Amino acid sequence: MIKRIISLISIAAVISSCNNSGKKVAASQSDQSGKAEKVEFASLVANPDNYIGKNIIVEGKVVHVCTESGKKLFIVGENPDIRLYVAAGENMPKFPMDLLGSEVSVEGVITRVGGPAVAMVEGESHSEGMDAQKIPEAGGNKMSADSCETETALAGQSSLANIIMEYRSHTVK
Amino acid sequence: MNLSKLNRVTHRDIGYLIAGLTIIYAISGIALNHKNDWNPNYIIDSHDFTAPITKDRESFNSDDAKSILKSLGIEDEYKAYHFPAGNRVTIFINGGFAQLNTETGIGVIERISKRPVFYQLNFLHYNPGRWWKYFSDLFCLALILVTFTGLFLVKGRNGITKRGAILTVIGIILPLLFLIIY
């Protein structure tokens, strides 16, 4: 009996690990799916108001994935200074770290918030000791600081600073 | 079956059922409790390096990024680069990134890998999806059931009316004390 149980657990573990290896497409919430409109990143940057409340697909390069919560992803288009904050909701899995540097198509709903996007989503400090963006200390060779530079930079952007994409799915190009 | 036996059987069998999940939540709970002291999900291996760079971001391109990686012996790992305003360029490589301060020439390579076991346990702890949410709700209800049935397992001087009562009250007072302290 115990041997059978152990065998079943082993099979379940193998199936589970195989299932996690696929990296092309992440989860989507079928009950919220509306037909997504494909939008150029530059169009979104130029006229974010046109897309508020809409389910869109936008392509960009992943420049930051939060290692702490795993629920924050930042992508850029042609302009490296304008990042789009993609937030995975409670029922979404974490973003895998190997997305860093990848070109992706992300689907989600664009929303506007009353303040800097990251601060509005999380009412907590954004201290990220293991964050992907770190600042070299002046005169030393140690990377410093527990602050998340990406989030600080987002708040100072000329566009999309208070825009969040509520993540639904992504595809690695 | 009398009430006492039903209580014992319920406690025993539900206890068996939730043993695995209790361990998952307990271990990941400790790990996440200390997330300010360590990264419970990832192992981040950092190495400092220096690489003189003379280009500004307008003239910087992928060849320059690869050249930096070549000097580090990891040219083949190039994925992309990101050079926003300021003095830091990030070069993405397989499994991590290299980040360079273009003024000082000081940089760091960070390789990020999943922390074995903890990553998977924390993944479950963080509620990865809707069905897990319902499943973990059931687990919590089962935990409550096991707790209550556990209170009435033993009779006599070690039971809930004597020794058990004292220990149970202590267990309730302790979190209340923390509430008062904080």
# chains A, B, ... in the order shown; residues from 1 in each chain; ligands from 1
$ interface_residues --of "chain A" --to "chain B" --cutoff "6 Å" --atoms "only C-alpha atoms" --output "PyMOL selection string"
chain A and resi 80-81+91-93+98+101+141
$ write_last_selection --atoms "C-alpha atoms" --output "PDB file, in the first residue's frame"
ATOM      1  CA  PRO A  80      14.274  52.683 -22.943  1.00  0.00           C
ATOM      2  CA  ASP A  81      13.144  55.376 -20.512  1.00  0.00           C
ATOM      3  CA  ASN A  91      -4.821  34.525  -9.012  1.00  0.00           C
ATOM      4  CA  MET A  92      -1.880  34.706 -11.389  1.00  0.00           C
ATOM      5  CA  PRO A  93       1.360  32.808 -11.039  1.00  0.00           C
ATOM      6  CA  ASP A  98      14.167  33.932 -17.213  1.00  0.00           C
ATOM      7  CA  GLY A 101      15.865  40.497 -21.392  1.00  0.00           C
ATOM      8  CA  ASN A 141      32.718  47.861  -6.228  1.00  0.00           C
TER       9      ASN A 141
END
$ residues_around --residues "Lys66 (chain B)" --least-positions-apart "3" --cutoff "8 Å" --atoms "only C-alpha atoms" --output "ChimeraX atom specification"
/B:62-63,69-70,75,78
$ write_last_selection --atoms "N, CA and C atoms" --output "PDB file, in the first residue's frame"
ATOM      1  N   SER B  62      24.447  46.782 -29.372  1.00  0.00           N
ATOM      2  CA  SER B  62      24.555  45.389 -28.926  1.00  0.00           C
ATOM      3  C   SER B  62      25.973  44.850 -29.065  1.00  0.00           C
ATOM      4  N   ASP B  63      26.717  45.365 -30.060  1.00  0.00           N
ATOM      5  CA  ASP B  63      28.107  44.921 -30.212  1.00  0.00           C
ATOM      6  C   ASP B  63      28.944  45.328 -28.995  1.00  0.00           C
ATOM      7  N   LEU B  69      30.713  41.540 -22.511  1.00  0.00           N
ATOM      8  CA  LEU B  69      30.558  40.140 -22.089  1.00  0.00           C
ATOM      9  C   LEU B  69      31.758  39.301 -22.523  1.00  0.00           C
ATOM     10  N   LYS B  70      32.296  39.644 -23.700  1.00  0.00           N
ATOM     11  CA  LYS B  70      33.460  38.901 -24.199  1.00  0.00           C
ATOM     12  C   LYS B  70      34.639  39.060 -23.244  1.00  0.00           C
ATOM     13  N   GLU B  75      30.426  35.846 -23.696  1.00  0.00           N
ATOM     14  CA  GLU B  75      29.799  36.489 -24.861  1.00  0.00           C
ATOM     15  C   GLU B  75      28.594  35.683 -25.374  1.00  0.00           C
ATOM     16  N   TYR B  78      24.767  36.337 -24.228  1.00  0.00           N
ATOM     17  CA  TYR B  78      24.075  37.608 -24.454  1.00  0.00           C
ATOM     18  C   TYR B  78      22.612  37.395 -24.854  1.00  0.00           C
TER      19      TYR B  78
END
$ closest_residue --among "A:Glu59, A:Glu40, A:Glu166, A:Glu151" --to "Ser105 (chain A)" --atoms "only C-alpha atoms"
A:Glu59
$ decode --residues "region 143-167 of chain B" --atoms "N, CA and C atoms" --output "PDB file, in the first residue's frame"
ATOM      1  N   LEU B 143      -7.746  22.436   9.153  1.00  0.00           N
ATOM      2  CA  LEU B 143      -6.833  22.765  10.250  1.00  0.00           C
ATOM      3  C   LEU B 143      -7.627  23.200  11.493  1.00  0.00           C
ATOM      4  N   ILE B 144      -8.663  23.977  11.248  1.00  0.00           N
ATOM      5  CA  ILE B 144      -9.537  24.407  12.358  1.00  0.00           C
ATOM      6  C   ILE B 144     -10.201  23.187  13.002  1.00  0.00           C
ATOM      7  N   LEU B 145     -10.657  22.290  12.121  1.00  0.00           N
ATOM      8  CA  LEU B 145     -11.320  21.079  12.614  1.00  0.00           C
ATOM      9  C   LEU B 145     -10.362  20.231  13.445  1.00  0.00           C
ATOM     10  N   VAL B 146      -9.155  20.070  12.953  1.00  0.00           N
ATOM     11  CA  VAL B 146      -8.155  19.277  13.681  1.00  0.00           C
ATOM     12  C   VAL B 146      -7.820  19.938  15.017  1.00  0.00           C
ATOM     13  N   THR B 147      -7.779  21.252  15.011  1.00  0.00           N
ATOM     14  CA  THR B 147      -7.480  21.965  16.251  1.00  0.00           C
ATOM     15  C   THR B 147      -8.584  21.744  17.289  1.00  0.00           C
ATOM     16  N   PHE B 148      -9.814  21.910  16.845  1.00  0.00           N
ATOM     17  CA  PHE B 148     -10.924  21.756  17.790  1.00  0.00           C
ATOM     18  C   PHE B 148     -11.053  20.315  18.271  1.00  0.00           C
ATOM     19  N   THR B 149     -10.929  19.370  17.358  1.00  0.00           N
ATOM     20  CA  THR B 149     -11.022  17.966  17.797  1.00  0.00           C
ATOM     21  C   THR B 149      -9.850  17.631  18.715  1.00  0.00           C
ATOM     22  N   GLY B 150      -8.715  18.259  18.462  1.00  0.00           N
ATOM     23  CA  GLY B 150      -7.534  18.030  19.291  1.00  0.00           C
ATOM     24  C   GLY B 150      -7.739  18.484  20.722  1.00  0.00           C
ATOM     25  N   LEU B 151      -8.531  19.522  20.898  1.00  0.00           N
ATOM     26  CA  LEU B 151      -8.796  20.033  22.248  1.00  0.00           C
ATOM     27  C   LEU B 151      -9.508  19.004  23.120  1.00  0.00           C
ATOM     28  N   PHE B 152     -10.281  18.148  22.474  1.00  0.00           N
ATOM     29  CA  PHE B 152     -11.113  17.210  23.248  1.00  0.00           C
ATOM     30  C   PHE B 152     -10.642  15.759  23.128  1.00  0.00           C
ATOM     31  N   LEU B 153      -9.411  15.580  22.753  1.00  0.00           N
ATOM     32  CA  LEU B 153      -8.871  14.221  22.587  1.00  0.00           C
ATOM     33  C   LEU B 153      -8.686  13.512  23.923  1.00  0.00           C
ATOM     34  N   VAL B 154      -8.146  14.264  24.861  1.00  0.00           N
ATOM     35  CA  VAL B 154      -7.747  13.650  26.137  1.00  0.00           C
ATOM     36  C   VAL B 154      -8.707  14.079  27.244  1.00  0.00           C
ATOM     37  N   LYS B 155      -9.036  13.136  28.070  1.00  0.00           N
ATOM     38  CA  LYS B 155      -9.876  13.457  29.228  1.00  0.00           C
ATOM     39  C   LYS B 155      -9.028  13.381  30.508  1.00  0.00           C
ATOM     40  N   GLY B 156      -9.622  13.808  31.595  1.00  0.00           N
ATOM     41  CA  GLY B 156      -8.904  13.700  32.868  1.00  0.00           C
ATOM     42  C   GLY B 156      -8.084  14.931  33.174  1.00  0.00           C
ATOM     43  N   ARG B 157      -7.030  14.745  33.977  1.00  0.00           N
ATOM     44  CA  ARG B 157      -6.282  15.921  34.464  1.00  0.00           C
ATOM     45  C   ARG B 157      -5.450  16.592  33.371  1.00  0.00           C
ATOM     46  N   ASN B 158      -5.190  15.862  32.280  1.00  0.00           N
ATOM     47  CA  ASN B 158      -4.475  16.481  31.160  1.00  0.00           C
ATOM     48  C   ASN B 158      -5.425  16.991  30.074  1.00  0.00           C
ATOM     49  N   GLY B 159      -6.716  16.898  30.342  1.00  0.00           N
ATOM     50  CA  GLY B 159      -7.714  17.286  29.351  1.00  0.00           C
ATOM     51  C   GLY B 159      -7.999  18.776  29.321  1.00  0.00           C
ATOM     52  N   ILE B 160      -8.987  19.114  28.511  1.00  0.00           N
ATOM     53  CA  ILE B 160      -9.301  20.523  28.268  1.00  0.00           C
ATOM     54  C   ILE B 160      -9.862  21.227  29.499  1.00  0.00           C
ATOM     55  N   THR B 161     -10.335  20.462  30.466  1.00  0.00           N
ATOM     56  CA  THR B 161     -10.896  21.119  31.656  1.00  0.00           C
ATOM     57  C   THR B 161      -9.837  21.475  32.687  1.00  0.00           C
ATOM     58  N   LYS B 162      -8.638  20.889  32.579  1.00  0.00           N
ATOM     59  CA  LYS B 162      -7.597  21.189  33.575  1.00  0.00           C
ATOM     60  C   LYS B 162      -6.317  21.704  32.904  1.00  0.00           C
ATOM     61  N   ARG B 163      -5.343  20.813  32.780  1.00  0.00           N
ATOM     62  CA  ARG B 163      -4.052  21.217  32.192  1.00  0.00           C
ATOM     63  C   ARG B 163      -4.252  21.799  30.787  1.00  0.00           C
ATOM     64  N   GLY B 164      -5.116  21.156  30.014  1.00  0.00           N
ATOM     65  CA  GLY B 164      -5.387  21.616  28.651  1.00  0.00           C
ATOM     66  C   GLY B 164      -5.933  23.029  28.622  1.00  0.00           C
ATOM     67  N   ALA B 165      -6.772  23.336  29.591  1.00  0.00           N
ATOM     68  CA  ALA B 165      -7.377  24.681  29.650  1.00  0.00           C
ATOM     69  C   ALA B 165      -6.306  25.735  29.878  1.00  0.00           C
ATOM     70  N   ILE B 166      -5.377  25.431  30.795  1.00  0.00           N
ATOM     71  CA  ILE B 166      -4.315  26.404  31.115  1.00  0.00           C
ATOM     72  C   ILE B 166      -3.449  26.665  29.877  1.00  0.00           C
ATOM     73  N   LEU B 167      -3.037  25.570  29.221  1.00  0.00           N
ATOM     74  CA  LEU B 167      -2.162  25.735  28.057  1.00  0.00           C
ATOM     75  C   LEU B 167      -2.893  26.434  26.903  1.00  0.00           C
TER      76      LEU B 167
END
